[in-house]
$ cat coords.cif   # mmCIF, C-alpha atoms
data_structure
#
loop_
_atom_site.group_PDB
_atom_site.id
_atom_site.type_symbol
_atom_site.label_atom_id
_atom_site.label_comp_id
_atom_site.auth_asym_id
_atom_site.auth_seq_id
_atom_site.Cartn_x
_atom_site.Cartn_y
_atom_site.Cartn_z
ATOM 1 C CA MET A 1292 -5.843 -9.146 -33.620
ATOM 2 C CA SER A 1293 -2.891 -9.503 -31.248
ATOM 3 C CA LEU A 1294 -0.991 -6.705 -29.550
ATOM 4 C CA LEU A 1295 2.221 -7.290 -27.640
ATOM 5 C CA LEU A 1296 2.999 -4.730 -24.938
ATOM 6 C CA PHE A 1297 6.624 -3.730 -24.517
ATOM 7 C CA SER A 1298 9.023 -1.496 -22.593
ATOM 8 C CA ASP A 1299 11.458 0.063 -25.068
ATOM 9 C CA GLN A 1300 11.807 -3.065 -27.172
ATOM 10 C CA PHE A 1301 9.246 -5.753 -27.995
ATOM 11 C CA VAL A 1302 9.063 -8.324 -25.197
ATOM 12 C CA GLU A 1303 6.379 -11.020 -25.120
ATOM 13 C CA LEU A 1304 5.286 -10.610 -21.504
ATOM 14 C CA MET A 1305 1.673 -9.670 -22.099
ATOM 15 C CA GLN A 1306 -0.674 -10.374 -24.999
ATOM 16 C CA PHE A 1307 -4.108 -9.100 -25.967
ATOM 17 C CA SER A 1308 -6.307 -11.243 -28.199
ATOM 18 C CA ASP A 1309 -9.392 -9.568 -29.676
ATOM 19 C CA GLY A 1310 -11.666 -12.193 -31.228
ATOM 20 C CA SER A 1311 -15.206 -11.899 -32.480
ATOM 21 C CA SER A 1312 -16.782 -12.722 -29.122
ATOM 22 C CA GLU A 1313 -14.109 -12.213 -26.445
ATOM 23 C CA VAL A 1314 -11.033 -10.234 -25.497
ATOM 24 C CA GLU A 1315 -8.168 -11.894 -23.637
ATOM 25 C CA LEU A 1316 -5.208 -10.475 -21.747
ATOM 26 C CA ARG A 1317 -2.436 -12.995 -21.119
ATOM 27 C CA LEU A 1318 0.282 -12.299 -18.532
ATOM 28 C CA GLU A 1319 3.519 -14.284 -18.347
ATOM 29 C CA LEU A 1320 3.742 -16.043 -14.957
ATOM 30 C CA GLY A 1321 7.312 -17.290 -15.286
ATOM 31 C CA GLN A 1322 8.596 -20.646 -14.086
ATOM 32 C CA GLY A 1323 7.198 -22.529 -11.087
ATOM 33 C CA ASP A 1324 3.816 -23.858 -10.053
ATOM 34 C CA VAL A 1325 1.095 -21.233 -9.670
ATOM 35 C CA THR A 1326 -2.517 -21.821 -8.590
ATOM 36 C CA PRO A 1327 -5.411 -19.327 -8.678
ATOM 37 C CA LYS A 1328 -5.019 -18.665 -4.944
ATOM 38 C CA ASP A 1329 -1.483 -17.394 -5.639
ATOM 39 C CA ILE A 1330 -2.926 -14.547 -7.765
ATOM 40 C CA TYR A 1331 -3.872 -11.257 -6.092
ATOM 41 C CA VAL A 1332 -5.980 -8.562 -7.753
ATOM 42 C CA ASP A 1333 -6.111 -5.134 -6.111
ATOM 43 C CA ALA A 1334 -8.408 -2.464 -7.511
ATOM 44 C CA ASN A 1335 -9.989 0.785 -6.453
ATOM 45 C CA GLU A 1336 -11.723 3.627 -8.273
ATOM 46 C CA SER A 1337 -8.542 4.728 -10.079
ATOM 47 C CA SER A 1338 -6.050 1.848 -10.235
ATOM 48 C CA LEU A 1339 -5.665 -1.842 -10.948
ATOM 49 C CA ALA A 1340 -2.864 -4.235 -10.001
ATOM 50 C CA ILE A 1341 -2.388 -7.962 -10.569
ATOM 51 C CA ARG A 1342 0.310 -9.801 -8.593
ATOM 52 C CA VAL A 1343 1.513 -13.388 -8.233
ATOM 53 C CA GLN A 1344 3.173 -15.050 -5.242
ATOM 54 C CA GLN A 1345 5.841 -17.659 -5.962
ATOM 55 C CA SER A 1346 8.121 -19.180 -3.322
ATOM 56 C CA GLY A 1347 7.191 -16.496 -0.837
ATOM 57 C CA ILE A 1348 7.967 -13.627 -3.221
ATOM 58 C CA VAL A 1349 5.155 -11.372 -4.477
ATOM 59 C CA ARG A 1350 5.774 -10.104 -8.025
ATOM 60 C CA THR A 1351 3.731 -7.530 -9.940
ATOM 61 C CA LEU A 1352 2.429 -8.773 -13.295
ATOM 62 C CA MET A 1353 0.465 -5.680 -14.230
ATOM 63 C CA GLU A 1354 -0.199 -2.294 -12.679
ATOM 64 C CA THR A 1355 -1.894 0.815 -13.966
ATOM 65 C CA SER A 1356 -2.791 3.957 -12.048
ATOM 66 C CA THR A 1357 -5.151 5.254 -14.742
ATOM 67 C CA LEU A 1358 -8.562 3.601 -14.512
ATOM 68 C CA TYR A 1359 -11.784 5.495 -15.266
ATOM 69 C CA ILE A 1360 -15.253 5.317 -16.817
ATOM 70 C CA ASP A 1361 -15.934 7.099 -20.094
ATOM 71 C CA GLU A 1362 -19.700 7.097 -20.727
ATOM 72 C CA ASP A 1363 -20.512 3.390 -21.086
ATOM 73 C CA GLN A 1364 -16.900 2.141 -21.240
ATOM 74 C CA LEU A 1365 -14.316 1.183 -18.627
ATOM 75 C CA VAL A 1366 -10.976 2.653 -19.715
ATOM 76 C CA ILE A 1367 -7.686 1.132 -18.500
ATOM 77 C CA SER A 1368 -4.875 3.347 -19.753
ATOM 78 C CA LEU A 1369 -1.704 1.506 -20.747
ATOM 79 C CA LYS A 1370 0.286 4.632 -21.561
ATOM 80 C CA LYS A 1371 3.542 5.485 -19.843
ATOM 81 C CA GLN A 1372 2.913 7.934 -17.036
ATOM 82 C CA ASN A 1373 6.455 9.283 -17.408
ATOM 83 C CA SER A 1374 7.771 9.171 -20.969
ATOM 84 C CA GLU A 1375 11.374 9.536 -19.783
ATOM 85 C CA LEU A 1376 11.332 6.225 -17.921
ATOM 86 C CA LYS A 1377 12.251 3.028 -19.748
ATOM 87 C CA TRP A 1378 9.404 0.961 -18.323
ATOM 88 C CA PRO A 1379 5.671 1.298 -18.887
ATOM 89 C CA ASP A 1380 3.627 1.378 -15.698
ATOM 90 C CA ILE A 1381 1.694 -1.717 -16.627
ATOM 91 C CA VAL A 1382 4.378 -4.416 -16.447
ATOM 92 C CA GLU A 1383 7.513 -5.075 -14.457
ATOM 93 C CA SER A 1384 10.411 -7.313 -15.474
ATOM 94 C CA TRP A 1385 13.987 -7.589 -14.282
ATOM 95 C CA GLU A 1386 15.287 -5.997 -17.467
ATOM 96 C CA SER A 1387 12.889 -3.038 -17.478
ATOM 97 C CA LEU A 1388 13.183 -2.433 -13.733
ATOM 98 C CA SER A 1389 16.983 -2.512 -13.651
ATOM 99 C CA ALA A 1390 17.135 -0.085 -16.581
ATOM 100 C CA GLY A 1391 14.427 2.216 -15.233
ATOM 101 C CA ILE A 1392 15.537 2.355 -11.601
ATOM 102 C CA THR A 1393 19.029 3.404 -12.697
ATOM 103 C CA GLN A 1394 17.489 6.593 -14.084
ATOM 104 C CA LEU A 1395 15.608 7.254 -10.864
ATOM 105 C CA LEU A 1396 18.525 6.551 -8.502
ATOM 106 C CA ARG A 1397 20.790 9.104 -10.222
ATOM 107 C CA GLY A 1398 23.870 7.404 -8.797
ATOM 108 C CA THR A 1399 22.595 7.068 -5.225
ATOM 109 C CA SER A 1400 23.933 3.946 -3.515
ATOM 110 C CA ILE A 1401 21.814 1.203 -1.940
ATOM 111 C CA TYR A 1402 22.391 -0.312 1.519
ATOM 112 C CA LEU A 1403 20.992 -3.753 2.350
ATOM 113 C CA VAL A 1404 20.303 -4.479 6.010
ATOM 114 C CA GLY A 1405 18.683 -7.376 7.827
ATOM 115 C CA GLU A 1406 19.189 -10.373 10.040
ATOM 116 C CA SER A 1407 21.285 -12.401 7.550
ATOM 117 C CA THR A 1408 24.697 -11.338 6.238
ATOM 118 C CA GLU A 1409 24.509 -14.081 3.586
ATOM 119 C CA ILE A 1410 21.191 -12.841 2.204
ATOM 120 C CA ASN A 1411 22.440 -9.252 2.137
ATOM 121 C CA GLN A 1412 25.553 -10.326 0.213
ATOM 122 C CA ARG A 1413 23.732 -12.421 -2.376
ATOM 123 C CA ILE A 1414 21.095 -9.795 -3.134
ATOM 124 C CA ALA A 1415 23.752 -7.072 -3.287
ATOM 125 C CA ARG A 1416 25.557 -9.004 -6.015
ATOM 126 C CA GLU A 1417 22.353 -9.518 -8.008
ATOM 127 C CA LEU A 1418 21.420 -5.842 -7.773
ATOM 128 C CA ALA A 1419 24.926 -4.681 -8.667
ATOM 129 C CA VAL A 1420 24.934 -6.762 -11.850
ATOM 130 C CA GLY A 1421 21.513 -5.477 -12.917
ATOM 131 C CA LEU A 1422 22.239 -1.825 -12.156
ATOM 132 C CA GLY A 1423 25.860 -1.702 -13.265
ATOM 133 C CA TYR A 1424 26.800 -0.733 -9.694
ATOM 134 C CA THR A 1425 29.778 -1.840 -7.591
ATOM 135 C CA PRO A 1426 28.979 -4.628 -5.091
ATOM 136 C CA LEU A 1427 30.545 -4.043 -1.661
ATOM 137 C CA CYS A 1428 30.340 -6.122 1.505
ATOM 138 C CA THR A 1429 31.225 -4.715 4.910
ATOM 139 C CA LYS A 1430 31.993 -8.229 6.216
ATOM 140 C CA GLU A 1431 34.707 -8.711 3.588
ATOM 141 C CA LEU A 1432 36.080 -5.213 4.140
ATOM 142 C CA LEU A 1433 36.228 -5.718 7.905
ATOM 143 C CA GLU A 1434 37.914 -9.119 7.655
ATOM 144 C CA THR A 1435 40.501 -7.707 5.266
ATOM 145 C CA TYR A 1436 41.190 -4.842 7.660
ATOM 146 C CA ALA A 1437 41.363 -7.013 10.793
ATOM 147 C CA LYS A 1438 43.158 -9.922 9.089
ATOM 148 C CA GLN A 1439 40.898 -12.378 10.900
ATOM 149 C CA SER A 1440 37.510 -13.990 10.445
ATOM 150 C CA MET A 1441 34.354 -12.322 11.690
ATOM 151 C CA GLU A 1442 33.722 -15.200 14.108
ATOM 152 C CA THR A 1443 37.177 -14.840 15.669
ATOM 153 C CA TRP A 1444 36.769 -11.074 15.988
ATOM 154 C CA VAL A 1445 33.390 -11.374 17.721
ATOM 155 C CA ASN A 1446 34.696 -14.066 20.093
ATOM 156 C CA GLU A 1447 37.788 -12.061 21.035
ATOM 157 C CA GLU A 1448 36.414 -8.502 21.241
ATOM 158 C CA GLY A 1449 32.630 -8.841 21.276
ATOM 159 C CA SER A 1450 29.863 -7.710 18.939
ATOM 160 C CA ASP A 1451 29.993 -4.083 20.147
ATOM 161 C CA ALA A 1452 33.555 -3.688 18.881
ATOM 162 C CA VAL A 1453 32.587 -5.160 15.502
ATOM 163 C CA ALA A 1454 29.575 -2.853 15.203
ATOM 164 C CA GLU A 1455 31.763 0.176 15.949
ATOM 165 C CA ALA A 1456 34.259 -0.924 13.309
ATOM 166 C CA GLU A 1457 31.478 -1.414 10.768
ATOM 167 C CA SER A 1458 30.217 2.104 11.545
ATOM 168 C CA ALA A 1459 33.669 3.417 10.619
ATOM 169 C CA ILE A 1460 33.529 1.460 7.352
ATOM 170 C CA LEU A 1461 30.074 2.854 6.597
ATOM 171 C CA GLU A 1462 31.373 6.370 7.210
ATOM 172 C CA SER A 1463 34.131 5.832 4.652
ATOM 173 C CA LEU A 1464 31.596 4.483 2.144
ATOM 174 C CA SER A 1465 29.010 7.224 2.660
ATOM 175 C CA SER A 1466 30.299 9.300 -0.259
ATOM 176 C CA GLN A 1467 30.582 6.259 -2.547
ATOM 177 C CA ALA A 1468 28.261 6.570 -5.540
ATOM 178 C CA ARG A 1469 26.761 3.743 -7.602
ATOM 179 C CA ALA A 1470 27.363 0.959 -5.083
ATOM 180 C CA VAL A 1471 25.216 -1.743 -3.513
ATOM 181 C CA ILE A 1472 26.494 -2.313 0.013
ATOM 182 C CA ALA A 1473 25.703 -5.475 1.978
ATOM 183 C CA THR A 1474 25.924 -4.864 5.728
ATOM 184 C CA LEU A 1475 26.454 -7.277 8.594
ATOM 185 C CA GLY A 1476 23.387 -9.095 9.818
ATOM 186 C CA GLY A 1477 22.348 -9.912 13.354
ATOM 187 C CA LYS A 1478 23.475 -8.412 16.659
ATOM 188 C CA LYS A 1479 27.058 -7.768 15.545
ATOM 189 C CA GLY A 1480 26.011 -5.359 12.794
ATOM 190 C CA ALA A 1481 25.772 -1.579 13.060
ATOM 191 C CA ALA A 1482 22.446 -1.533 11.186
ATOM 192 C CA GLY A 1483 20.719 -3.373 14.030
ATOM 193 C CA ARG A 1484 21.513 -0.485 16.389
ATOM 194 C CA VAL A 1485 19.259 2.556 16.344
ATOM 195 C CA ASN A 1486 22.049 5.045 17.085
ATOM 196 C CA GLN A 1487 24.405 3.945 14.287
ATOM 197 C CA TRP A 1488 22.457 4.946 11.185
ATOM 198 C CA ARG A 1489 24.025 8.339 10.402
ATOM 199 C CA HIS A 1490 25.965 7.096 7.390
ATOM 200 C CA LEU A 1491 23.459 4.478 6.264
ATOM 201 C CA PHE A 1492 21.073 7.311 5.411
ATOM 202 C CA ALA A 1493 23.551 8.397 2.701
ATOM 203 C CA GLY A 1494 21.886 5.850 0.410
ATOM 204 C CA PHE A 1495 18.552 4.097 0.016
ATOM 205 C CA THR A 1496 18.188 1.525 2.780
ATOM 206 C CA VAL A 1497 16.401 -1.781 2.220
ATOM 207 C CA TRP A 1498 15.566 -4.205 5.017
ATOM 208 C CA LEU A 1499 15.541 -7.835 3.828
ATOM 209 C CA SER A 1500 13.369 -9.383 6.515
ATOM 210 C CA LEU A 1501 12.624 -13.065 6.970
ATOM 211 C CA SER A 1502 8.880 -13.350 7.514
ATOM 212 C CA GLN A 1503 6.610 -15.759 9.360
ATOM 213 C CA ALA A 1504 3.584 -14.540 7.391
ATOM 214 C CA THR A 1505 1.597 -17.039 5.321
ATOM 215 C CA ASP A 1506 -0.089 -14.626 2.908
ATOM 216 C CA GLU A 1507 0.375 -11.179 1.385
ATOM 217 C CA GLU A 1508 -1.977 -9.365 3.765
ATOM 218 C CA SER A 1509 -0.359 -10.699 6.933
ATOM 219 C CA ALA A 1510 3.082 -9.941 5.442
ATOM 220 C CA LYS A 1511 2.026 -6.307 4.971
ATOM 221 C CA GLU A 1512 0.789 -6.112 8.557
ATOM 222 C CA GLU A 1513 4.001 -7.682 9.836
ATOM 223 C CA ALA A 1514 6.097 -5.199 7.837
ATOM 224 C CA LYS A 1515 4.044 -2.303 9.203
ATOM 225 C CA ARG A 1516 4.569 -3.468 12.790
ATOM 226 C CA ASN A 1517 8.300 -3.919 12.218
ATOM 227 C CA MET A 1518 8.702 -0.430 10.773
ATOM 228 C CA GLN A 1519 6.905 1.071 13.788
ATOM 229 C CA ASP A 1520 9.244 -0.662 16.252
ATOM 230 C CA SER A 1521 11.567 2.234 17.098
ATOM 231 C CA GLY A 1522 13.682 -0.052 19.284
ATOM 232 C CA ARG A 1523 15.066 -1.913 16.262
ATOM 233 C CA GLY A 1524 17.670 -0.302 14.054
ATOM 234 C CA TYR A 1525 16.214 -1.970 10.967
ATOM 235 C CA SER A 1526 13.001 -0.009 11.446
ATOM 236 C CA ASN A 1527 14.917 3.037 10.139
ATOM 237 C CA ALA A 1528 15.007 1.456 6.671
ATOM 238 C CA GLU A 1529 13.074 3.229 3.936
ATOM 239 C CA VAL A 1530 11.978 -0.020 2.288
ATOM 240 C CA VAL A 1531 11.223 -3.439 3.779
ATOM 241 C CA VAL A 1532 11.074 -6.585 1.632
ATOM 242 C CA LYS A 1533 9.576 -9.609 3.362
ATOM 243 C CA LEU A 1534 10.984 -13.058 2.528
ATOM 244 C CA GLY A 1535 8.893 -16.159 3.122
ATOM 245 C CA GLY A 1536 11.946 -18.299 3.858
ATOM 246 C CA TRP A 1537 15.246 -18.246 1.982
ATOM 247 C CA ASP A 1538 16.463 -20.136 -1.077
ATOM 248 C CA PRO A 1539 19.590 -18.829 -2.870
ATOM 249 C CA ASN A 1540 18.093 -19.990 -6.170
ATOM 250 C CA TYR A 1541 15.534 -17.185 -5.863
ATOM 251 C CA SER A 1542 18.077 -14.398 -5.298
ATOM 252 C CA LYS A 1543 17.129 -12.707 -8.552
ATOM 253 C CA ALA A 1544 13.431 -12.740 -7.646
ATOM 254 C CA VAL A 1545 14.228 -11.067 -4.311
ATOM 255 C CA ALA A 1546 16.422 -8.507 -6.082
ATOM 256 C CA GLN A 1547 13.550 -7.759 -8.469
ATOM 257 C CA ALA A 1548 11.237 -7.206 -5.485
ATOM 258 C CA VAL A 1549 13.800 -4.743 -4.086
ATOM 259 C CA LEU A 1550 13.876 -2.796 -7.367
ATOM 260 C CA SER A 1551 10.081 -2.737 -7.503
ATOM 261 C CA ALA A 1552 9.887 -1.338 -3.958
ATOM 262 C CA LEU A 1553 12.565 1.277 -4.665
ATOM 263 C CA LYS A 1554 10.714 2.306 -7.815
ATOM 264 C CA ARG A 1555 7.569 3.048 -5.824
ATOM 265 C CA LEU A 1556 9.501 4.861 -3.113
ATOM 266 C CA ILE A 1557 11.239 7.231 -5.526
ATOM 267 C CA LEU A 1558 8.255 7.779 -7.823
ATOM 268 C CA ALA A 1559 6.330 8.934 -4.737
ATOM 269 C CA ASP A 1560 9.011 11.600 -4.146
ATOM 270 C CA LYS A 1561 11.359 12.171 -7.064
ATOM 271 C CA ASP A 1562 13.385 14.659 -5.019
ATOM 272 C CA LEU A 1563 14.719 11.882 -2.758
ATOM 273 C CA PRO A 1564 17.991 11.277 -4.681
ATOM 274 C CA GLY A 1565 18.707 15.007 -4.573
ATOM 275 C CA LYS A 1566 18.022 15.089 -0.830
ATOM 276 C CA LYS A 1567 20.401 12.157 -0.338
ATOM 277 C CA SER A 1568 23.096 14.067 -2.220
ATOM 278 C CA LEU A 1569 22.532 17.139 -0.039
ATOM 279 C CA TYR A 1570 22.649 15.005 3.119
ATOM 280 C CA ILE A 1571 26.058 13.669 2.067
ATOM 281 C CA ARG A 1572 27.421 17.111 1.154
ATOM 282 C CA LEU A 1573 26.428 18.439 4.591
ATOM 283 C CA GLY A 1574 28.373 15.646 6.269
ATOM 284 C CA CYS A 1575 25.832 12.913 7.105
ATOM 285 C CA ARG A 1576 24.957 14.635 10.385
ATOM 286 C CA GLY A 1577 22.139 12.284 11.378
ATOM 287 C CA ASP A 1578 19.331 14.705 10.556
ATOM 288 C CA TRP A 1579 17.633 12.536 7.936
ATOM 289 C CA PRO A 1580 14.961 13.030 6.664
ATOM 290 C CA ASP A 1581 14.499 16.534 8.145
ATOM 291 C CA ILE A 1582 17.761 18.059 6.937
ATOM 292 C CA LYS A 1583 18.835 21.051 9.002
ATOM 293 C CA PRO A 1584 20.429 24.221 7.524
ATOM 294 C CA PRO A 1585 24.205 24.443 6.965
ATOM 295 C CA GLY A 1586 25.988 25.182 10.216
ATOM 296 C CA TRP A 1587 23.686 23.026 12.325
ATOM 297 C CA ASP A 1588 25.715 21.151 14.942
ATOM 298 C CA PRO A 1589 24.278 17.784 15.977
ATOM 299 C CA SER A 1590 26.393 17.770 19.149
ATOM 300 C CA THR A 1591 24.461 20.755 20.470
ATOM 301 C CA SER A 1592 21.041 19.410 19.558
ATOM 302 C CA LEU A 1593 18.752 17.743 22.052
ATOM 303 C CA ASP A 1594 18.044 15.167 19.346
ATOM 304 C CA ALA A 1595 21.697 14.461 18.566
ATOM 305 C CA SER A 1596 21.412 10.881 19.799
ATOM 306 C CA SER A 1597 18.601 10.115 17.373
ATOM 307 C CA PRO A 1598 19.355 9.086 13.780
ATOM 308 C CA ARG A 1599 16.177 10.838 12.659
ATOM 309 C CA SER A 1600 16.629 14.099 14.577
#
$ encode --input "coords.cif" --output "structure tokens"
Amino acid sequence: MSLLLFSDQFVELMQFSDGSSEVELRLELGQGDVTPKDIYVDANESSLAIRVQQSGIVRTLMETSTLYIDEDQLVISLKKQNSELKWPDIVESWESLSAGITQLLRGTSIYLVGESTEINQRIARELAVGLGYTPLCTKELLETYAKQSMETWVNEEGSDAVAEAESAILESLSSQARAVIATLGGKKGAAGRVNQWRHLFAGFTVWLSLSQATDEESAKEEAKRNMQDSGRGYSNAEVVVKLGGWDPNYSKAVAQAVLSALKRLILADKDLPGKKSLYIRLGCRGDWPDIKPPGWDPSTSLDASSPRS
């Protein structure tokens, strides 16, 4: 007997074979060389996850949060945990993630931050195509406005002036729905500055971080340290995706990792898109995530200088 698991249409990503003496579960690894040491299995008393690392990107092959013992049997539930979502919890693919995350986002925009403007731009385009969103790039918008290249602008006026101008662009984009916005990377960008995140919090923020880690565990520890570094603007991001080097040919794989991370973030708190909408309606006052009542004036607050006041 063979059973193909699927999202909302049949897709041959996973196959069970039930023979007379053994049962097999086959997971599609995709293209590229994979060895057993590239496979990670995480399990505890109630969940099971199988992941593969290819070209520095960790991708989930299977995940279920329903694992229990029924008398003398181990039960791994493959049912959807939320029947309204287009993906089953057990498998992730680009097609199922891009369809499912659109439901969860409810029109909320995505901001990509990090050290590289090029990486932010490429991943923004990939995400926009998958989600049906509008791709926007603050570098292109700034160069159009200034009628000069970014390099010339930085040389003539300095990175502080560019960061201030990008902040103004981000303010104008803060009410933009269904967009993926690539921000400037490096020291010239507003996102690298702790005090210029007011309008970035209008959407879901993803830090695309180049990593020196050599395995999944050290990458997690590195990400944790980065997020705790309050002196870096990027540490304000709600999601961090670690990249083991950069190859434009793997842009789609990075974009899929972003969608997977956003899925987990929103499923952990499904009210987040609604809170983002409220934050925008109240004027992006810098009080994310602890939104103050209407009438609160950040200029009179002791925490007004903090983006997370």
$ resolve_selection --input "coords.cif" --expression "the PyMOL selection byres ((chain A and resi 1438-1443) around 12)" --output "PyMOL selection string"
chain A and resi 1408+1429-1437+1444-1450+1452-1454+1456-1457+1475-1476+1479-1480
$ atom_distance --input "coords.cif" --atom1 "atom CA of A:Thr1474" --atom2 "atom CA of A:Val1404"
5.6 Å
$ resolve_selection --input "coords.cif" --expression "the PyMOL selection byres ((chain A and resi 1388) around 8)" --output "mmCIF file with C-alpha atoms, in the coordinates of the input"
data_model
loop_
_atom_site.group_PDB
_atom_site.id
_atom_site.type_symbol
_atom_site.label_atom_id
_atom_site.label_comp_id
_atom_site.auth_asym_id
_atom_site.auth_seq_id
_atom_site.Cartn_x
_atom_site.Cartn_y
_atom_site.Cartn_z
ATOM 1 C CA TRP A 1378 9.404 0.961 -18.323
ATOM 2 C CA GLU A 1383 7.513 -5.075 -14.457
ATOM 3 C CA SER A 1384 10.411 -7.313 -15.474
ATOM 4 C CA TRP A 1385 13.987 -7.589 -14.282
ATOM 5 C CA GLU A 1386 15.287 -5.997 -17.467
ATOM 6 C CA SER A 1387 12.889 -3.038 -17.478
ATOM 7 C CA SER A 1389 16.983 -2.512 -13.651
ATOM 8 C CA ALA A 1390 17.135 -0.085 -16.581
ATOM 9 C CA GLY A 1391 14.427 2.216 -15.233
ATOM 10 C CA ILE A 1392 15.537 2.355 -11.601
ATOM 11 C CA GLN A 1547 13.550 -7.759 -8.469
ATOM 12 C CA LEU A 1550 13.876 -2.796 -7.367
ATOM 13 C CA SER A 1551 10.081 -2.737 -7.503
ATOM 14 C CA LYS A 1554 10.714 2.306 -7.815
#
$ closest_residue --input "coords.cif" --among "A:Arg1576, A:Arg1350, A:Arg1317, A:Lys1328" --to "A:Ser1465" --atoms "all atoms listed in the file"
A:Arg1576
$ resolve_selection --input "coords.cif" --expression "the PyMOL selection byres ((chain A and resi 1405) around 12)" --output "MDAnalysis selection string"
chainID A and resid 1402:1404 1406:1412 1414 1473:1484 1496:1502 1517 1523:1528 1530:1534
$ atom_distance --input "coords.cif" --atom1 "atom CA of A:Ser1568" --atom2 "atom CA of A:Leu1491"
12.8 Å
$ atom_distance --input "coords.cif" --atom1 "atom CA of A:Gly1577" --atom2 "atom CA of A:Leu1461"
13.2 Å
$ closest_residue --input "coords.cif" --among "A:Asp1578, A:Glu1417, A:Glu1455, A:Asp1538" --to "A:Arg1489" --atoms "all atoms listed in the file"
A:Asp1578
$ residues_around --input "coords.cif" --residues "stretch 1336-1339 of chain A" --least-positions-apart "6" --cutoff "6 Å" --atoms "all atoms listed in the file" --output "ChimeraX atom specification"
/A:1354-1358
$ residues_around --input "coords.cif" --residues "A:Trp1587" --least-positions-apart "3" --cutoff "10 Å" --atoms "all atoms listed in the file" --output "VMD selection string"
chain A and resid 1573 1576 1578 1582 to 1584 1590 to 1592
$ closest_residue --input "coords.cif" --among "A:Val1343, A:Ala1559, A:Ala1459, A:Leu1464" --to "A:Gly1323" --atoms "only C-alpha atoms"
A:Val1343
$ closest_residue --input "coords.cif" --among "A:Gly1586, A:Gly1565, A:Pro1580, A:Gly1536" --to "A:Leu1395" --atoms "only C-alpha atoms"
A:Gly1565
$ residues_near_point --input "coords.cif" --point "(27.3, 5.0, 4.3)" --cutoff "9 Å" --atoms "only C-alpha atoms" --output "tab-separated table (two decimals) with C-alpha atoms, in the coordinates of the input"
chain	number	residue	atom	x	y	z
A	1400	SER	CA	23.93	3.95	-3.52
A	1402	TYR	CA	22.39	-0.31	1.52
A	1458	SER	CA	30.22	2.10	11.54
A	1460	ILE	CA	33.53	1.46	7.35
A	1461	LEU	CA	30.07	2.85	6.60
A	1462	GLU	CA	31.37	6.37	7.21
A	1463	SER	CA	34.13	5.83	4.65
A	1464	LEU	CA	31.60	4.48	2.14
A	1465	SER	CA	29.01	7.22	2.66
A	1466	SER	CA	30.30	9.30	-0.26
A	1467	GLN	CA	30.58	6.26	-2.55
A	1472	ILE	CA	26.49	-2.31	0.01
A	1488	TRP	CA	22.46	4.95	11.18
A	1489	ARG	CA	24.02	8.34	10.40
A	1490	HIS	CA	25.96	7.10	7.39
A	1491	LEU	CA	23.46	4.48	6.26
A	1492	PHE	CA	21.07	7.31	5.41
A	1493	ALA	CA	23.55	8.40	2.70
A	1494	GLY	CA	21.89	5.85	0.41
A	1575	CYS	CA	25.83	12.91	7.10
$ closest_residue --input "coords.cif" --among "A:Gln1503, A:Asp1581, A:Ala1546, A:Gln1345" --to "A:Leu1422" --atoms "only C-alpha atoms"
A:Ala1546
$ residues_near_point --input "coords.cif" --point "(11.1, -10.2, -3.4)" --cutoff "6 Å" --atoms "all atoms listed in the file" --output "VMD selection string"
chain A and resid 1348 1544 to 1545 1548
$ axis_aligned_box --input "coords.cif" --around "stretch 1393-1410 of chain A" --padding-each-side "8 Å" --output "lines of an AutoDock Vina configuration file"
center_x = 20.2
center_y = -2.5
center_z = -2.0
size_x = 25.1
size_y = 39.2
size_z = 40.1
$ residues_around --input "coords.cif" --residues "A:Asp1506" --least-positions-apart "6" --cutoff "10 Å" --atoms "all atoms listed in the file" --output "list in words"
Asp1329, Gln1344, Gly1347, Val1349 and Gly1535 of chain A
$ residues_around --input "coords.cif" --residues "A:Tyr1424" --least-positions-apart "5" --cutoff "6 Å" --atoms "all atoms listed in the file" --output "ChimeraX atom specification"
/A:1419,1469-1470
$ decode --input "coords.cif" --residues "stretch 1391-1396 of chain A" --atoms "N, CA, C and O atoms" --output "short mmCIF file (atom, residue, chain, number, x, y, z; two decimals), in the first residue's frame"
data_model
loop_
_atom_site.label_atom_id
_atom_site.label_comp_id
_atom_site.auth_asym_id
_atom_site.auth_seq_id
_atom_site.Cartn_x
_atom_site.Cartn_y
_atom_site.Cartn_z
N GLY A 1391 -0.03 29.38 2.29
CA GLY A 1391 -0.48 29.40 3.68
C GLY A 1391 -0.12 30.66 4.43
O GLY A 1391 -0.92 31.19 5.20
N ILE A 1392 1.11 31.18 4.20
CA ILE A 1392 1.53 32.36 4.95
C ILE A 1392 0.72 33.58 4.54
O ILE A 1392 0.53 34.51 5.33
N THR A 1393 0.24 33.60 3.29
CA THR A 1393 -0.59 34.72 2.85
C THR A 1393 -1.84 34.84 3.71
O THR A 1393 -2.27 35.95 4.07
N GLN A 1394 -2.42 33.70 4.08
CA GLN A 1394 -3.58 33.71 4.97
C GLN A 1394 -3.22 34.28 6.34
O GLN A 1394 -3.98 35.05 6.92
N LEU A 1395 -2.06 33.88 6.86
CA LEU A 1395 -1.67 34.31 8.19
C LEU A 1395 -1.30 35.79 8.24
O LEU A 1395 -1.58 36.47 9.22
N LEU A 1396 -0.64 36.29 7.20
CA LEU A 1396 -0.17 37.68 7.19
C LEU A 1396 -1.32 38.67 7.18
O LEU A 1396 -1.21 39.77 7.72
#
